[in-house]
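Student: Structure file work.cif, mmCIF, N, CA and C atoms, is pasted below:
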data_run
loop_
_atom_site.label_atom_id
_atom_site.label_comp_id
_atom_site.auth_asym_id
_atom_site.auth_seq_id
_atom_site.Cartn_x
_atom_site.Cartn_y
_atom_site.Cartn_z
N MET A 8 139.97 42.51 84.75
CA MET A 8 141.38 42.52 85.05
C MET A 8 142.03 41.32 84.38
N SER A 9 143.24 41.49 83.90
CA SER A 9 143.91 40.40 83.20
C SER A 9 144.29 39.30 84.17
N LYS A 10 144.46 38.11 83.62
CA LYS A 10 144.82 36.95 84.44
C LYS A 10 146.15 37.18 85.16
N ALA A 11 147.09 37.84 84.50
CA ALA A 11 148.40 38.10 85.11
C ALA A 11 148.25 39.00 86.34
N LEU A 12 147.38 40.01 86.26
CA LEU A 12 147.19 40.90 87.41
C LEU A 12 146.40 40.21 88.53
N ASP A 13 145.47 39.34 88.18
CA ASP A 13 144.71 38.59 89.19
C ASP A 13 145.64 37.72 90.03
N GLU A 14 146.71 37.27 89.42
CA GLU A 14 147.66 36.42 90.12
C GLU A 14 148.26 37.13 91.33
N PHE A 15 148.34 38.46 91.28
CA PHE A 15 148.94 39.23 92.37
C PHE A 15 147.91 39.88 93.28
N ARG A 16 146.65 39.56 93.12
CA ARG A 16 145.59 40.08 94.00
C ARG A 16 145.40 39.08 95.13
N PHE A 17 145.68 39.51 96.35
CA PHE A 17 145.63 38.61 97.49
C PHE A 17 144.43 38.85 98.39
N LEU A 18 143.85 40.04 98.33
CA LEU A 18 142.76 40.39 99.23
C LEU A 18 141.56 40.90 98.46
N ALA A 19 140.39 40.48 98.89
CA ALA A 19 139.16 41.01 98.32
C ALA A 19 138.88 42.36 98.98
N THR A 20 137.93 43.10 98.44
CA THR A 20 137.62 44.43 98.97
C THR A 20 137.29 44.40 100.45
N GLY A 21 136.48 43.45 100.88
CA GLY A 21 136.14 43.34 102.31
C GLY A 21 137.36 43.06 103.16
N ASP A 22 138.27 42.25 102.63
CA ASP A 22 139.50 41.95 103.36
C ASP A 22 140.37 43.19 103.49
N LEU A 23 140.34 44.04 102.49
CA LEU A 23 141.11 45.29 102.56
C LEU A 23 140.59 46.18 103.68
N ASP A 24 139.28 46.21 103.86
CA ASP A 24 138.70 46.98 104.96
C ASP A 24 139.17 46.42 106.30
N ARG A 25 139.18 45.12 106.43
CA ARG A 25 139.64 44.50 107.67
C ARG A 25 141.12 44.77 107.90
N LEU A 26 141.90 44.69 106.83
CA LEU A 26 143.32 44.96 106.94
C LEU A 26 143.56 46.41 107.38
N ALA A 27 142.81 47.32 106.81
CA ALA A 27 142.95 48.73 107.20
C ALA A 27 142.58 48.89 108.68
N ALA A 28 141.53 48.23 109.13
CA ALA A 28 141.15 48.30 110.54
C ALA A 28 142.27 47.75 111.43
N LEU A 29 142.88 46.67 110.99
CA LEU A 29 143.97 46.08 111.75
C LEU A 29 145.17 47.01 111.81
N VAL A 30 145.51 47.64 110.69
CA VAL A 30 146.64 48.58 110.66
C VAL A 30 146.38 49.75 111.60
N PHE A 31 145.18 50.30 111.58
CA PHE A 31 144.87 51.41 112.47
C PHE A 31 144.89 50.97 113.93
N GLU A 32 144.41 49.78 114.22
CA GLU A 32 144.45 49.26 115.59
C GLU A 32 145.89 49.08 116.05
N LEU A 33 146.72 48.50 115.20
CA LEU A 33 148.13 48.32 115.53
C LEU A 33 148.82 49.66 115.76
N SER A 34 148.55 50.61 114.89
CA SER A 34 149.15 51.94 115.03
C SER A 34 148.75 52.58 116.35
N SER A 35 147.50 52.48 116.69
CA SER A 35 147.00 53.06 117.93
C SER A 35 147.67 52.40 119.13
N GLN A 36 147.72 51.08 119.14
CA GLN A 36 148.33 50.37 120.26
C GLN A 36 149.81 50.66 120.35
N LEU A 37 150.49 50.74 119.23
CA LEU A 37 151.91 51.05 119.24
C LEU A 37 152.17 52.43 119.84
N HIS A 38 151.37 53.39 119.45
CA HIS A 38 151.52 54.74 119.97
C HIS A 38 151.33 54.77 121.49
N VAL A 39 150.29 54.14 121.97
CA VAL A 39 149.99 54.12 123.40
C VAL A 39 151.11 53.40 124.16
N GLU A 40 151.52 52.24 123.66
CA GLU A 40 152.57 51.48 124.33
C GLU A 40 153.89 52.24 124.35
N ARG A 41 154.24 52.88 123.26
CA ARG A 41 155.49 53.64 123.20
C ARG A 41 155.45 54.80 124.21
N HIS A 42 154.33 55.49 124.26
CA HIS A 42 154.18 56.62 125.19
C HIS A 42 154.31 56.15 126.64
N LYS A 43 153.65 55.05 126.97
CA LYS A 43 153.72 54.52 128.33
C LYS A 43 155.15 54.07 128.67
N ARG A 44 155.81 53.42 127.74
CA ARG A 44 157.17 52.95 127.98
C ARG A 44 158.12 54.12 128.21
N MET A 45 158.00 55.14 127.39
CA MET A 45 158.87 56.31 127.54
C MET A 45 158.63 56.99 128.88
N ALA A 46 157.38 57.12 129.29
CA ALA A 46 157.05 57.74 130.57
C ALA A 46 157.60 56.91 131.73
N LEU A 47 157.44 55.61 131.65
CA LEU A 47 157.94 54.72 132.70
C LEU A 47 159.47 54.78 132.79
N GLU A 48 160.15 54.71 131.66
CA GLU A 48 161.61 54.81 131.67
C GLU A 48 162.07 56.13 132.28
N LYS A 49 161.44 57.22 131.87
CA LYS A 49 161.83 58.54 132.38
C LYS A 49 161.64 58.61 133.90
N ALA A 50 160.51 58.10 134.39
CA ALA A 50 160.24 58.12 135.82
C ALA A 50 161.25 57.26 136.59
N LEU A 51 161.55 56.09 136.08
CA LEU A 51 162.49 55.20 136.76
C LEU A 51 163.91 55.78 136.76
N LEU A 52 164.30 56.38 135.64
CA LEU A 52 165.63 57.00 135.56
C LEU A 52 165.70 58.23 136.48
N ALA A 53 164.66 59.06 136.48
CA ALA A 53 164.65 60.28 137.29
C ALA A 53 164.71 59.97 138.78
N ARG A 54 164.11 58.87 139.19
CA ARG A 54 164.10 58.50 140.61
C ARG A 54 165.32 57.65 141.00
N GLY A 55 166.16 57.35 140.03
CA GLY A 55 167.35 56.56 140.32
C GLY A 55 167.08 55.08 140.55
N VAL A 56 165.90 54.62 140.19
CA VAL A 56 165.56 53.21 140.37
C VAL A 56 166.35 52.35 139.39
N LEU A 57 166.54 52.84 138.20
CA LEU A 57 167.30 52.15 137.16
C LEU A 57 168.30 53.11 136.52
N ALA A 58 169.33 52.51 135.98
CA ALA A 58 170.28 53.27 135.16
C ALA A 58 170.00 52.93 133.69
N GLU A 59 170.41 53.80 132.80
CA GLU A 59 170.20 53.54 131.36
C GLU A 59 170.79 52.20 130.96
N ALA A 60 171.92 51.82 131.56
CA ALA A 60 172.56 50.54 131.23
C ALA A 60 171.68 49.36 131.62
N ASP A 61 170.92 49.50 132.71
CA ASP A 61 169.99 48.43 133.12
C ASP A 61 168.93 48.19 132.06
N ILE A 62 168.40 49.26 131.55
CA ILE A 62 167.36 49.16 130.52
C ILE A 62 167.95 48.56 129.25
N ALA A 63 169.11 49.06 128.84
CA ALA A 63 169.76 48.56 127.63
C ALA A 63 170.14 47.09 127.78
N GLY A 64 170.51 46.68 129.00
CA GLY A 64 170.91 45.30 129.23
C GLY A 64 169.80 44.29 129.04
N LEU A 65 168.56 44.72 129.16
CA LEU A 65 167.44 43.80 128.96
C LEU A 65 167.36 43.28 127.53
N ALA A 66 167.94 44.01 126.61
CA ALA A 66 167.92 43.59 125.20
C ALA A 66 168.65 42.26 124.99
N ASP A 67 169.54 41.90 125.92
CA ASP A 67 170.29 40.64 125.81
C ASP A 67 169.87 39.60 126.85
N ASP A 68 168.85 39.89 127.62
CA ASP A 68 168.40 38.99 128.68
C ASP A 68 167.43 37.96 128.11
N PRO A 69 167.82 36.67 128.06
CA PRO A 69 166.97 35.65 127.44
C PRO A 69 165.59 35.52 128.10
N ALA A 70 165.51 35.61 129.41
CA ALA A 70 164.21 35.49 130.09
C ALA A 70 163.31 36.66 129.74
N PHE A 71 163.87 37.85 129.73
CA PHE A 71 163.09 39.03 129.35
C PHE A 71 162.60 38.92 127.92
N LEU A 72 163.50 38.50 127.01
CA LEU A 72 163.13 38.38 125.60
C LEU A 72 162.04 37.34 125.39
N ALA A 73 162.10 36.23 126.12
CA ALA A 73 161.06 35.20 126.00
C ALA A 73 159.71 35.74 126.47
N THR A 74 159.71 36.45 127.59
CA THR A 74 158.47 37.04 128.10
C THR A 74 157.93 38.07 127.11
N ALA A 75 158.80 38.91 126.57
CA ALA A 75 158.38 39.93 125.61
C ALA A 75 157.79 39.29 124.36
N ARG A 76 158.40 38.21 123.88
CA ARG A 76 157.87 37.50 122.70
C ARG A 76 156.50 36.91 122.98
N ASP A 77 156.35 36.30 124.17
CA ASP A 77 155.05 35.72 124.53
C ASP A 77 153.96 36.79 124.58
N GLU A 78 154.28 37.93 125.17
CA GLU A 78 153.31 39.03 125.24
C GLU A 78 152.96 39.55 123.85
N ALA A 79 153.96 39.68 123.00
CA ALA A 79 153.71 40.15 121.63
C ALA A 79 152.84 39.15 120.87
N ASP A 80 153.12 37.86 121.02
CA ASP A 80 152.31 36.83 120.36
C ASP A 80 150.86 36.88 120.82
N ARG A 81 150.66 37.04 122.14
CA ARG A 81 149.30 37.10 122.68
C ARG A 81 148.55 38.31 122.12
N SER A 82 149.23 39.44 122.06
CA SER A 82 148.63 40.66 121.53
C SER A 82 148.28 40.51 120.06
N LEU A 83 149.19 39.91 119.29
CA LEU A 83 148.93 39.73 117.86
C LEU A 83 147.78 38.77 117.60
N ARG A 84 147.66 37.71 118.43
CA ARG A 84 146.53 36.79 118.26
C ARG A 84 145.21 37.52 118.45
N LYS A 85 145.16 38.43 119.42
CA LYS A 85 143.94 39.20 119.64
C LYS A 85 143.62 40.07 118.43
N MET A 86 144.65 40.72 117.89
CA MET A 86 144.41 41.61 116.76
C MET A 86 144.08 40.85 115.48
N MET A 87 144.61 39.65 115.33
CA MET A 87 144.33 38.88 114.12
C MET A 87 142.86 38.48 114.04
N ARG A 88 142.16 38.49 115.18
CA ARG A 88 140.73 38.19 115.14
C ARG A 88 139.98 39.20 114.29
N VAL A 89 140.52 40.41 114.18
CA VAL A 89 139.88 41.42 113.35
C VAL A 89 139.76 40.90 111.92
N LEU A 90 140.76 40.15 111.47
CA LEU A 90 140.73 39.60 110.12
C LEU A 90 139.92 38.32 110.03
N ALA A 91 139.86 37.55 111.14
CA ALA A 91 139.26 36.23 111.09
C ALA A 91 137.79 36.18 111.46
N GLU A 92 137.32 37.12 112.26
CA GLU A 92 135.93 37.06 112.73
C GLU A 92 134.97 37.67 111.73
N ASP A 93 133.79 37.14 111.70
CA ASP A 93 132.72 37.67 110.87
C ASP A 93 131.57 38.08 111.77
N GLY A 94 130.64 38.76 111.19
CA GLY A 94 129.45 39.12 111.95
C GLY A 94 129.28 40.61 112.05
N ASP A 95 128.35 41.01 112.89
CA ASP A 95 128.02 42.41 113.09
C ASP A 95 129.18 43.12 113.75
N ARG A 96 129.75 44.11 113.08
CA ARG A 96 130.94 44.80 113.60
C ARG A 96 130.60 45.73 114.76
N ARG A 97 129.33 45.93 115.03
CA ARG A 97 128.94 46.80 116.15
C ARG A 97 128.91 46.03 117.47
N THR A 98 129.11 44.71 117.42
CA THR A 98 129.08 43.90 118.62
C THR A 98 130.48 43.36 118.92
N PRO A 99 130.72 42.91 120.15
CA PRO A 99 132.05 42.35 120.48
C PRO A 99 132.31 41.08 119.69
N LEU A 100 133.58 40.75 119.51
CA LEU A 100 133.93 39.47 118.93
C LEU A 100 133.50 38.39 119.88
N ARG A 101 133.33 37.17 119.39
CA ARG A 101 132.79 36.08 120.21
C ARG A 101 133.54 35.93 121.53
N ASN A 102 134.86 35.87 121.50
CA ASN A 102 135.63 35.69 122.74
C ASN A 102 135.47 36.86 123.69
N GLU A 103 135.28 38.04 123.18
CA GLU A 103 135.13 39.22 124.02
C GLU A 103 133.74 39.27 124.65
N ALA A 104 132.77 38.61 124.04
CA ALA A 104 131.40 38.64 124.54
C ALA A 104 131.20 37.69 125.70
N LEU A 105 132.10 36.74 125.89
CA LEU A 105 131.96 35.73 126.96
C LEU A 105 132.28 36.29 128.31
#
Could the structure of this file be written out as C-alpha cells, please?
Tutor:
Amino acid sequence: MSKALDEFRFLATGDLDRLAALVFELSSQLHVERHKRMALEKALLARGVLAEADIAGLADDPAFLATARDEADRSLRKMMRVLAEDGDRRTPLRNEAL
C-alpha cells in the first residue's frame, strides 16, 4: 500500500474485528433499550400515570439529563472494554470474572 494510503489507515485487521463486535453489541443494546422504553412509555400513558408532556418535559430537566449522561457514560465504558481487553474471547473480561 502506498505511503499516502497508509496515512489514513487507523485500525489493524484485529482491531476491525473488535470494532465490528462493538458495533453489533451497541446495535443490540440500542434495540433492546428502545423496545423497553417504548413499552414503558405506552404502559404509563395508557394507565394515565404520565402525560406525553411529562415525558417530553424531561428533555429539558437538568437533573434528568445529568443522570442520563452518567448512565450512558457507564454503559460506554463497559462496551469500550471490547476494544481494550485482550485474551481468550471465550472467557469473561477481567472485571466481569471478579
Student: Can you tell me how far atom CA of Asp67 of chain A sits from atom CA of Arg84 of chain A, in Å to one decimal?
Tutor: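 Those two atoms sit 25.2 Å apart.
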Student: Mind pulling up the distance from atom N of Arg41 of chain A to atom C of Gly64 of chain A?
Tutor: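 About the pair atom C of Gly64 of chain A and atom N of Arg41 of chain A: they are 18.7 Å apart.
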Student: Just to confirm, what's the straight-line distance from atom CA of Leu29 of chain A to atom CA of Ala46 of chain A in Å (one decimal)?
Tutor: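 Straight-line distance from atom CA of Leu29 of chain A to atom CA of Ala46 of chain A works out to 25.7 Å.
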Student: Go through A:Leu83, A:Ala75, A:Ile62, A:Ala27 and flag the residue nearest Met45 of chain A, using only C-alpha atoms for the distances.
Tutor: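 Closest residue, counting only C-alpha atoms: A:Ile62.
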Student: Give me, as a list in words, all polymer residues having an atom no more than 10 Å from Glu59 of chain A, counting only C-alpha atoms and skipping those fewer than 6 positions away in the same chain.
Tutor: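 Close residues of Glu59 of chain A: Glu48, Lys49, Leu51 and Leu52 of chain A.
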